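Peer 1: Please find one structure pasted underneath; my questions will follow.
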Amino acid sequence: MSKRIYNHKAIEKKWAERWAENPINTPVDEDGNKKEKYYCLDMFPYPSANGLHVGHWRGYVISDVWSRYKLQQGKYIVHPMGWDAFGLPAENYAIKMGVHPAISTAENVEKIKLQIDQIAALYDWDMEVNTTDPGFYKWTQWIFVQMFKKGLAYEKEFPINWCPSCKTGLANEEVVNGSCERCNSTVTKKNLRQWMLKITAYGERLLKDLDQLDWPEKVRKMQSDWIGKSYGAEVDFAVKESEEKIRVYTTRPDTLYGATFMVLAPEHDLAKKLLTDAQREAGEAYIHAASMKSNVDRMQDKEKTGVFTGSYARNPLSKEWIPVWISDYVLIDYGTGAIMCVPAHDDRDFEFAKKFGIHIRQVIAKDGVAIEDMTEAYTEAVGSMINSGDWNGMESAVLKKEAAHMVAQAGFGEATVNYKLRDWVFSRQRYWGEPIPIIHCPICGNVPVPEEALPLRLPNVASYEPTGTGESPLAGIEDWVNCSCPVCGEKAKRETNTMPQWAGSSWYFLRYVDSKNEKELVSKEKMAEFLPVDMYIGGVEHAVLHLLYSRFYTKFLYDIGVVDFEEPFMKLFNQGMILGEDGQKMSKSLGNVVSPDALVDDYGCDSLRMYELFVGPPELDAEWDDRGIDGVNRFLRKLYNLLQDSLDNPVDETKDMLKLRHRMINDITHRLDNFSLNTVISGFMEYNNKLIDVAKQMGGIDKGTLETFAVLLSPLAPHFAEEMWASLGHRDTVFKAGWPVCDTKFLKDDEIEIAVQINGKTKAVVTISADADKETAIAAGKEAIGDRLTGTIVKEIYVPGRIINIVQK
RNA sequence: GCGGAUGUGGCGGAAUGGCAGACGCACUGGAUUCAAAAUCCAGCGGGGGUGACCUCGUGAGGGUUCAAGUCCCUCCAUCCGCACCA
């Protein structure tokens with residue numbers, strides 16, 4: 001029989017053109033009824049000059065398969081794409097190539113768009129946004145102004161994280177193990193005037209609302225750890241022969257009687273003040289040395305160092321005078337910057353006390369007895385109190401909860417909660433970002449640019465290279481910097497710092513649904529109709545960056561009435577990374593980057609889409625191996641041949657075929673629902689192999705089964721499915737077919753194959769009636785294993801539909 | 001140090017507590033071909049047996065169960081996150 005060959009190029013070209021003419025994703029159904037929306041969002045890329053590699057494809061394929069599955073279920077899919085085009089990567093590339101970042105960015109967008117088109121995803125380009133578009137960043141600036149008005153954006157000068165290579169300040173979230181998240185350079189400190197966003201004001205809500213999110217446990221845990229809430233007490237310790245008090249924060253007020261010394265951070269206000277004359281020289285030297293140490297050194301030098309101030313403070317419970325030390329293991333920006341030290345019950349305090357010969361007093365007896373000669377701290381709050389005055393005999397675990405209130409009642413402290421979360425260092429000393437819309441007026445102070453004057457456009461500048469001085473390149477443009485105050489008209493100066501790349505990405509998903517609105521960030525109607533995001537798909541690398549910032553922005557916009565939901569992303573899926581053949585992250589410098597372009601050309605979009613999913617479970621990393629794509633391509637070719645044979649030789653549907661068909665619907669649907677996309681593909685291969693076997697006997701497969709196959713396949717291989725659907729005589733798109741429903745009556749078998757075991761080891765397989773009773777089943781089983789049954793039968797087990805197990809001695 | 005993930009043939013991986021290795025890649029043999037590619041058929045965890053079969057086997061060791069890759073306990077390795085947060 002002469003066969004037409006599967007020609008991916010012709011088929012894919014044909015359907016790409018048809019879809020362009022007649023969009024398949026429509027907001028209303030055949031009868032003109034409005035469909036329910038489903039917003040499936042990809043983390044938008046920054047337009048890198050390197051283009052896409054097969055790893056980018058994977059995420060976009062996953063989201064598109066999911067979108068098309070929802071489309072087949074009758075939803076209107078909101079599936080937009082855009083460009084995170086401000087920021088350092090774009091700027092650094094532009095500097096390297098010697099072109100303006102606006103030009104290189106626009107070029108890269110065009111290139112990547114062509115590559116993205118090859119995926120054949122359902123993107124609605126009418127919604128496209130670009131963070132560098134003034135019509136977009138007008139609203140990025142507008143949000144900043146609203147935050148400023150609410151006191152959530154403020155200026156502060158303090159030593160911030162500084163990347164000497166990127167020549168800009170960084171947020172805490174951008175410092176990973178003491179290095180710059182972007183370029184990996186060691187981060188230093190630099191004293192700079194900064195714009196800050198008061199994300200800490202939202203700490204509690206950001207923590208609490210994590211509960212309601214359908215997000216990976218890992219990401220929720222990372223955010224909750226980053227926010228770092230703890231319960232405890234602040235306690236005052238009076239300084240001897242002084243009016244001063246030292247306030248400390250502790251999560252273990254139950255151990256207060258065990259506090260035998262105190263430590264101040266070197267930067268603490270009292271550190272210098274409490275130095276006695278005898279200790280002044282050594283103390284000041286220590287404080288100076290600490291100030292010269294980088295954060296990395298401080299983090300890595302775990303060996304305790306410190307200096308005694310010469311002063312004493314009184315433990316408010318034991319009434320003892322205890323020595324006050326200075327040490328850099330206490331951090332100035334957490335709690336009060338001072339701690340009470342209970343060496344018996346804290347590892348760090350124990351180490352310090354041992355090193356400097358400070359008294360250690362145990363106040364919790366592990367099993368009712370004090371440990372003689374402690375060799376390590378006993379840090380659990382389990383056991384009864386000793387050496388603790390009135391508290392003796394109480395259970396530590398109980399006291400831990402009550403002590404804070406007891407301290408508060410006694411008048412020397414209060415119960416408090418603390419967070420590790422810090423405010424967000426928001427300004428960057430670089431060119432390629434949104435100008436911060438603030439004017440510094442000598443009379444009025446900081447005044448926001450009036451809303452009607454937004455967007456405040458990024459001016460052209462002769463040199464956009466970073467200055468490295470802590471000033472943005474914008475500071476050099478005098479006629480831009482100098483302006484008049486919008487309030488009083490006096491001469492004033494513009495803020496010259498720009499926003500971080502996160503500014504645009506913190507809210508871009510809101511703008512897609514109303515991207516051309518000049519009057520509002522998003523209209524109430526569009527918001528109600530299309531927001532929030534139902535499914536968000538992207539890598540895990542943004543767990544405490546973009547994903548935390550977006551939640552903060554959304555909550556703020558909720559508070560000022562712009563949106564009516566508090567959480568932006570209902571469901572989150574983190575796809576695994578595609579690694580190079582060497583098991584390393586794909587990177588240009590390692591030379592292990594695989595481009596999708598040649599694969600699309602050789603095998604077609606549908607084959608690559610399927611192979612991207614077939615490489616492994618979508619949530620796990622996978623090493624790329626080009627050879628595997630032959631497998632899915634072979635699958636499509638075999639299916640194509642099967643289709644041609646069946647068209648040439650029509651056959652009627654049989655009961656067996658109906659069973660197979662509904663089993664296929666059931667399997668594929670389950671696997672899709674479980675997001676087990678790799679086994680969806682293997683499922684198709686299995687059914688394809690079964691159908692081919694049947695066709696060998698029957699000459700072909702009935703039309704109904706092939707139609708079902710086409711619909712099931714449509715989210716994964718959309719062109720192929722359309723071609724198949726059309727070949728079977730349909731004039732309309734397969735995407736209006738609707739997802740097939742499994743009729744469970746076809747799932748039942750009259751006869752089933754069941755394994756027969758002796759002592760749990762399978763010895764034979766028998767075919768018995770599905771509703772056989774135990775006696776019949778066991779009898780059949782025994783017959784099948786025959787003379788291998790040699791011992792005394794102890795037990796006979798029959799689990800219908802599952803197993804026959806004969807236990808013998 | 002703390003938290004999380006992962007560990008199954010040569011490789012990627014599959015298995016609601018019920019026949020371990022589906023599906024695919026690679027490989028081997030055969031058919032087809034002048035030849036190759038493509039395609040088709042067969043084989044493909046280890047050991048043993050001519051053979052029907054036997055036996056061991058899911059990182060290691062214990063346990064629960066008629067039955068464990070799967071559940072429980074104790075370890076080991078790799079990767080990821082956090083890390084002096086009092």
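Starting from 1 in every chain, residues are counted up; chains themselves are A, B, ... following the order of the structure tokens, and ligands are numbered from 1 as listed.
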What are the residues of chain B lining chain A at 10 Å or less? Count only C-alpha atoms (C1' of nucleotides), and put the answer as a compact mmCIF listing (two decimals) with C-alpha atoms (C1' of nucleotides), in the first residue's frame.
Peer 2:
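Resulting contents of selection.txt:
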```txt
# COMPACT_ATOMS: atom_id res chain seq x y z
C1' G B 3 15.18 22.34 56.25
C1' G B 4 13.70 20.13 51.52
C1' A B 5 14.27 16.99 47.17
C1' U B 6 16.35 12.79 44.90
C1' C B 11 20.79 5.78 29.72
C1' G B 12 15.93 8.89 30.53
C1' G B 13 12.36 6.97 33.37
C1' A B 14 7.23 3.78 34.81
C1' G B 18 -0.63 -6.51 44.83
C1' C B 19 3.16 -9.75 38.21
C1' A B 22 5.72 0.25 31.31
C1' C B 23 7.15 3.81 27.45
C1' G B 24 11.39 5.57 24.99
C1' C B 25 16.79 5.99 23.85
C1' A B 26 21.11 3.12 23.02
C1' C B 66 -0.22 -12.72 53.36
C1' A B 67 2.43 -9.12 50.17
C1' G B 81 17.54 26.25 49.88
C1' C B 82 18.76 28.74 54.64
C1' A B 83 22.60 29.63 57.85
C1' C B 84 25.76 33.42 64.38
C1' C B 85 18.18 35.87 63.26
C1' A B 86 19.35 35.17 69.98
```
Peer 1: Identify, on the basis of only C-alpha atoms (C1' of nucleotides), every residue whose closest approach to Leu213 (chain A) does not exceed 9 Å; exclude the query and any residue fewer than 5 positions from it along the same chain; express the result as a list of chain:residue names.
Peer 2: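 Skipping anything fewer than 5 positions along the chain leaves A:Arg220, A:Glu567, A:Phe569, A:Met570, A:Lys571, A:Leu572.
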Peer 1: Include N, CA and C atoms and write out the residues we just selected as a PDB file, in the first residue's frame.
Peer 2:
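Resulting contents of out-v3.pdb:
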```pdb
ATOM      1  N   ARG A 220       6.617  27.886  49.560  1.00  0.00           N
ATOM      2  CA  ARG A 220       5.939  28.479  50.718  1.00  0.00           C
ATOM      3  C   ARG A 220       6.856  28.474  51.929  1.00  0.00           C
ATOM      4  N   GLU A 567      -4.131  37.961  46.684  1.00  0.00           N
ATOM      5  CA  GLU A 567      -3.049  37.092  46.227  1.00  0.00           C
ATOM      6  C   GLU A 567      -3.077  37.026  44.705  1.00  0.00           C
ATOM      7  N   PHE A 569      -1.337  34.943  42.493  1.00  0.00           N
ATOM      8  CA  PHE A 569      -1.170  33.664  41.792  1.00  0.00           C
ATOM      9  C   PHE A 569      -1.768  32.536  42.613  1.00  0.00           C
ATOM     10  N   MET A 570      -2.913  32.038  42.184  1.00  0.00           N
ATOM     11  CA  MET A 570      -3.601  31.026  42.965  1.00  0.00           C
ATOM     12  C   MET A 570      -2.815  29.719  43.013  1.00  0.00           C
ATOM     13  N   LYS A 571      -2.311  29.307  41.838  1.00  0.00           N
ATOM     14  CA  LYS A 571      -1.581  28.050  41.772  1.00  0.00           C
ATOM     15  C   LYS A 571      -0.232  28.319  41.123  1.00  0.00           C
ATOM     16  N   LEU A 572       0.784  27.693  41.657  1.00  0.00           N
ATOM     17  CA  LEU A 572       2.128  27.882  41.130  1.00  0.00           C
ATOM     18  C   LEU A 572       2.722  26.533  40.781  1.00  0.00           C
TER      19      LEU A 572
END
```
Peer 1: If you count only C-alpha atoms (C1' of nucleotides), which residues fall within 7 Å of Ser607 (chain A), apart from same-chain ones fewer than 2 positions away, as a PDB file with N, CA, C and O atoms, in the first residue's frame?
Peer 2:
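Result file follows (around14.pdb):
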```
ATOM      1  N   TYR A 603      12.521  18.010  12.984  1.00  0.00           N
ATOM      2  CA  TYR A 603      11.486  17.107  13.494  1.00  0.00           C
ATOM      3  C   TYR A 603      10.108  17.754  13.587  1.00  0.00           C
ATOM      4  O   TYR A 603       9.106  17.072  13.701  1.00  0.00           O
ATOM      5  N   GLY A 604      10.079  19.073  13.635  1.00  0.00           N
ATOM      6  CA  GLY A 604       8.797  19.782  13.741  1.00  0.00           C
ATOM      7  C   GLY A 604       8.486  20.204  15.156  1.00  0.00           C
ATOM      8  O   GLY A 604       9.006  19.669  16.130  1.00  0.00           O
ATOM      9  N   CYS A 605       7.640  21.188  15.221  1.00  0.00           N
ATOM     10  CA  CYS A 605       7.215  21.747  16.496  1.00  0.00           C
ATOM     11  C   CYS A 605       6.539  20.695  17.370  1.00  0.00           C
ATOM     12  O   CYS A 605       6.823  20.574  18.561  1.00  0.00           O
ATOM     13  N   ARG A 609       7.717  19.663  21.044  1.00  0.00           N
ATOM     14  CA  ARG A 609       6.809  19.878  22.184  1.00  0.00           C
ATOM     15  C   ARG A 609       6.682  18.592  22.997  1.00  0.00           C
ATOM     16  O   ARG A 609       6.791  18.601  24.227  1.00  0.00           O
ATOM     17  N   MET A 610       6.444  17.490  22.283  1.00  0.00           N
ATOM     18  CA  MET A 610       6.241  16.236  23.006  1.00  0.00           C
ATOM     19  C   MET A 610       7.524  15.775  23.677  1.00  0.00           C
ATOM     20  O   MET A 610       7.514  15.277  24.798  1.00  0.00           O
ATOM     21  N   TYR A 611       8.641  15.970  23.009  1.00  0.00           N
ATOM     22  CA  TYR A 611       9.895  15.509  23.602  1.00  0.00           C
ATOM     23  C   TYR A 611      10.262  16.332  24.843  1.00  0.00           C
ATOM     24  O   TYR A 611      10.797  15.804  25.811  1.00  0.00           O
ATOM     25  N   ILE A 629      14.591  12.490  20.830  1.00  0.00           N
ATOM     26  CA  ILE A 629      13.480  13.078  20.085  1.00  0.00           C
ATOM     27  C   ILE A 629      13.031  12.131  18.954  1.00  0.00           C
ATOM     28  O   ILE A 629      11.884  12.191  18.505  1.00  0.00           O
ATOM     29  N   VAL A 632       9.703  10.209  19.953  1.00  0.00           N
ATOM     30  CA  VAL A 632       8.385  10.828  19.796  1.00  0.00           C
ATOM     31  C   VAL A 632       8.079  11.092  18.334  1.00  0.00           C
ATOM     32  O   VAL A 632       6.930  11.007  17.904  1.00  0.00           O
ATOM     33  N   ASN A 633       9.128  11.384  17.561  1.00  0.00           N
ATOM     34  CA  ASN A 633       8.902  11.600  16.145  1.00  0.00           C
ATOM     35  C   ASN A 633       8.417  10.312  15.475  1.00  0.00           C
ATOM     36  O   ASN A 633       7.501  10.320  14.651  1.00  0.00           O
TER      37      ASN A 633
END
```
Peer 1: If you run DSSP over the backbone, which residues in region 251-375 of chain A end up helix (DSSP H, G or I)? Put them as an NGL selection string.
Peer 2: :A and (253-258 or 269-273 or 277-292 or 295-300 or 343-345 or 347-356)
Peer 1: Ranking A:Thr305, A:Cys485, A:Tyr549, A:Tyr231 by minimum distance to Glu402 (chain A) and counting only C-alpha atoms, which one comes first?
Peer 2: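 Nearest to Glu402 (chain A): A:Tyr231.
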Peer 1: Report as a PyMOL selection string all protein, DNA and RNA residues lying within 8 Å of region 728-731 of chain A, evaluated on only C-alpha atoms (C1' of nucleotides), omitting residues in the same chain fewer than 6 positions from it.
Peer 2: chain A and resi 647+703+707
Peer 1: List as a ChimeraX atom specification the protein and nucleic acid residues near region 54-59 of chain B, meaning an atom at most 10 Å away when only C-alpha atoms (C1' of nucleotides) are counted, but skip any in the same chain fewer than 5 places from it.
Peer 2: /B:7-8,20-21,45-49,69,76-77
Peer 1: As an mmCIF file with N, CA, C and O atoms, in the first residue's frame, please: every residue in region 530-764 of chain A that a backbone DSSP assignment puts in strand (DSSP E).
Peer 2:
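So the final result, stored in result.cif, reads:
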```cif
data_model
loop_
_atom_site.group_PDB
_atom_site.id
_atom_site.type_symbol
_atom_site.label_atom_id
_atom_site.label_comp_id
_atom_site.auth_asym_id
_atom_site.auth_seq_id
_atom_site.Cartn_x
_atom_site.Cartn_y
_atom_site.Cartn_z
ATOM 1 N N VAL A 533 -4.480 35.464 38.448
ATOM 2 C CA VAL A 533 -3.860 34.382 37.688
ATOM 3 C C VAL A 533 -4.261 33.039 38.293
ATOM 4 O O VAL A 533 -4.167 32.859 39.506
ATOM 5 N N ASP A 534 -4.729 32.127 37.446
ATOM 6 C CA ASP A 534 -5.116 30.812 37.957
ATOM 7 C C ASP A 534 -3.928 29.874 38.070
ATOM 8 O O ASP A 534 -3.849 29.064 38.985
ATOM 9 N N MET A 535 -3.034 29.957 37.100
ATOM 10 C CA MET A 535 -1.878 29.060 37.092
ATOM 11 C C MET A 535 -0.661 29.837 36.656
ATOM 12 O O MET A 535 -0.679 30.497 35.622
ATOM 13 N N TYR A 536 0.395 29.762 37.466
ATOM 14 C CA TYR A 536 1.630 30.478 37.160
ATOM 15 C C TYR A 536 2.738 29.448 37.019
ATOM 16 O O TYR A 536 2.933 28.623 37.898
ATOM 17 N N ILE A 537 3.440 29.498 35.894
ATOM 18 C CA ILE A 537 4.450 28.480 35.627
ATOM 19 C C ILE A 537 5.806 29.132 35.395
ATOM 20 O O ILE A 537 5.938 30.053 34.595
ATOM 21 N N GLY A 538 6.794 28.672 36.134
ATOM 22 C CA GLY A 538 8.143 29.209 35.971
ATOM 23 C C GLY A 538 9.121 28.515 36.890
ATOM 24 O O GLY A 538 8.742 27.628 37.660
ATOM 25 N N PHE A 569 -1.337 34.943 42.493
ATOM 26 C CA PHE A 569 -1.170 33.664 41.792
ATOM 27 C C PHE A 569 -1.768 32.536 42.613
ATOM 28 O O PHE A 569 -1.186 32.113 43.612
ATOM 29 N N MET A 570 -2.913 32.038 42.184
ATOM 30 C CA MET A 570 -3.601 31.026 42.965
ATOM 31 C C MET A 570 -2.815 29.719 43.013
ATOM 32 O O MET A 570 -2.693 29.094 44.047
ATOM 33 N N LYS A 571 -2.311 29.307 41.838
ATOM 34 C CA LYS A 571 -1.581 28.050 41.772
ATOM 35 C C LYS A 571 -0.232 28.319 41.123
ATOM 36 O O LYS A 571 -0.151 29.112 40.173
ATOM 37 N N LEU A 572 0.784 27.693 41.657
ATOM 38 C CA LEU A 572 2.128 27.882 41.130
ATOM 39 C C LEU A 572 2.722 26.533 40.781
ATOM 40 O O LEU A 572 2.573 25.576 41.535
ATOM 41 N N PHE A 573 3.356 26.473 39.629
ATOM 42 C CA PHE A 573 4.078 25.248 39.279
ATOM 43 C C PHE A 573 5.508 25.611 38.901
ATOM 44 O O PHE A 573 5.725 26.467 38.058
ATOM 45 N N ASN A 574 6.468 24.968 39.553
ATOM 46 C CA ASN A 574 7.875 25.194 39.226
ATOM 47 C C ASN A 574 8.383 24.068 38.351
ATOM 48 O O ASN A 574 8.491 22.930 38.823
ATOM 49 N N ILE A 578 16.269 22.369 32.469
ATOM 50 C CA ILE A 578 16.914 21.488 31.497
ATOM 51 C C ILE A 578 18.409 21.739 31.591
ATOM 52 O O ILE A 578 18.865 22.871 31.463
ATOM 53 N N LEU A 579 19.150 20.670 31.858
ATOM 54 C CA LEU A 579 20.598 20.791 31.958
ATOM 55 C C LEU A 579 21.234 20.336 30.648
ATOM 56 O O LEU A 579 20.624 19.599 29.878
ATOM 57 N N ALA A 622 16.233 17.863 34.173
ATOM 58 C CA ALA A 622 16.473 16.783 33.225
ATOM 59 C C ALA A 622 17.681 17.137 32.359
ATOM 60 O O ALA A 622 17.870 18.292 31.998
ATOM 61 N N GLU A 623 18.489 16.134 32.090
ATOM 62 C CA GLU A 623 19.621 16.358 31.191
ATOM 63 C C GLU A 623 19.148 16.169 29.753
ATOM 64 O O GLU A 623 18.449 15.208 29.445
ATOM 65 N N GLU A 751 -13.688 -10.702 32.141
ATOM 66 C CA GLU A 751 -12.630 -11.579 32.606
ATOM 67 C C GLU A 751 -11.387 -10.759 32.865
ATOM 68 O O GLU A 751 -11.090 -9.803 32.134
ATOM 69 N N ILE A 752 -10.677 -11.140 33.910
ATOM 70 C CA ILE A 752 -9.456 -10.401 34.207
ATOM 71 C C ILE A 752 -8.293 -11.363 34.380
ATOM 72 O O ILE A 752 -8.464 -12.519 34.736
ATOM 73 N N GLU A 753 -7.110 -10.800 34.148
ATOM 74 C CA GLU A 753 -5.888 -11.561 34.417
ATOM 75 C C GLU A 753 -5.437 -11.211 35.813
ATOM 76 O O GLU A 753 -5.439 -10.044 36.213
ATOM 77 N N ILE A 754 -5.083 -12.237 36.558
ATOM 78 C CA ILE A 754 -4.691 -11.981 37.930
ATOM 79 C C ILE A 754 -3.478 -12.840 38.283
ATOM 80 O O ILE A 754 -3.354 -13.985 37.844
ATOM 81 N N ALA A 755 -2.553 -12.251 39.028
ATOM 82 C CA ALA A 755 -1.335 -12.973 39.385
ATOM 83 C C ALA A 755 -1.600 -13.912 40.549
ATOM 84 O O ALA A 755 -2.353 -13.586 41.453
ATOM 85 N N VAL A 756 -0.975 -15.077 40.490
ATOM 86 C CA VAL A 756 -1.094 -16.051 41.572
ATOM 87 C C VAL A 756 0.260 -16.168 42.252
ATOM 88 O O VAL A 756 1.276 -16.425 41.594
ATOM 89 N N GLN A 757 0.270 -15.928 43.568
ATOM 90 C CA GLN A 757 1.537 -15.945 44.285
ATOM 91 C C GLN A 757 1.576 -17.091 45.301
ATOM 92 O O GLN A 757 0.552 -17.522 45.809
ATOM 93 N N ILE A 758 2.774 -17.568 45.561
ATOM 94 C CA ILE A 758 3.001 -18.422 46.721
ATOM 95 C C ILE A 758 3.914 -17.618 47.639
ATOM 96 O O ILE A 758 4.986 -17.180 47.225
ATOM 97 N N LYS A 761 5.301 -14.407 46.215
ATOM 98 C CA LYS A 761 6.083 -14.387 44.978
ATOM 99 C C LYS A 761 5.219 -14.935 43.844
ATOM 100 O O LYS A 761 4.662 -16.031 43.958
ATOM 101 N N THR A 762 5.173 -14.185 42.771
ATOM 102 C CA THR A 762 4.301 -14.563 41.680
ATOM 103 C C THR A 762 4.801 -15.825 40.982
ATOM 104 O O THR A 762 5.974 -15.938 40.634
ATOM 105 N N LYS A 763 3.893 -16.774 40.820
ATOM 106 C CA LYS A 763 4.266 -18.028 40.167
ATOM 107 C C LYS A 763 3.521 -18.219 38.858
ATOM 108 O O LYS A 763 3.972 -18.982 38.008
ATOM 109 N N ALA A 764 2.364 -17.594 38.727
ATOM 110 C CA ALA A 764 1.585 -17.785 37.501
ATOM 111 C C ALA A 764 0.577 -16.655 37.357
ATOM 112 O O ALA A 764 0.388 -15.861 38.266
#
```
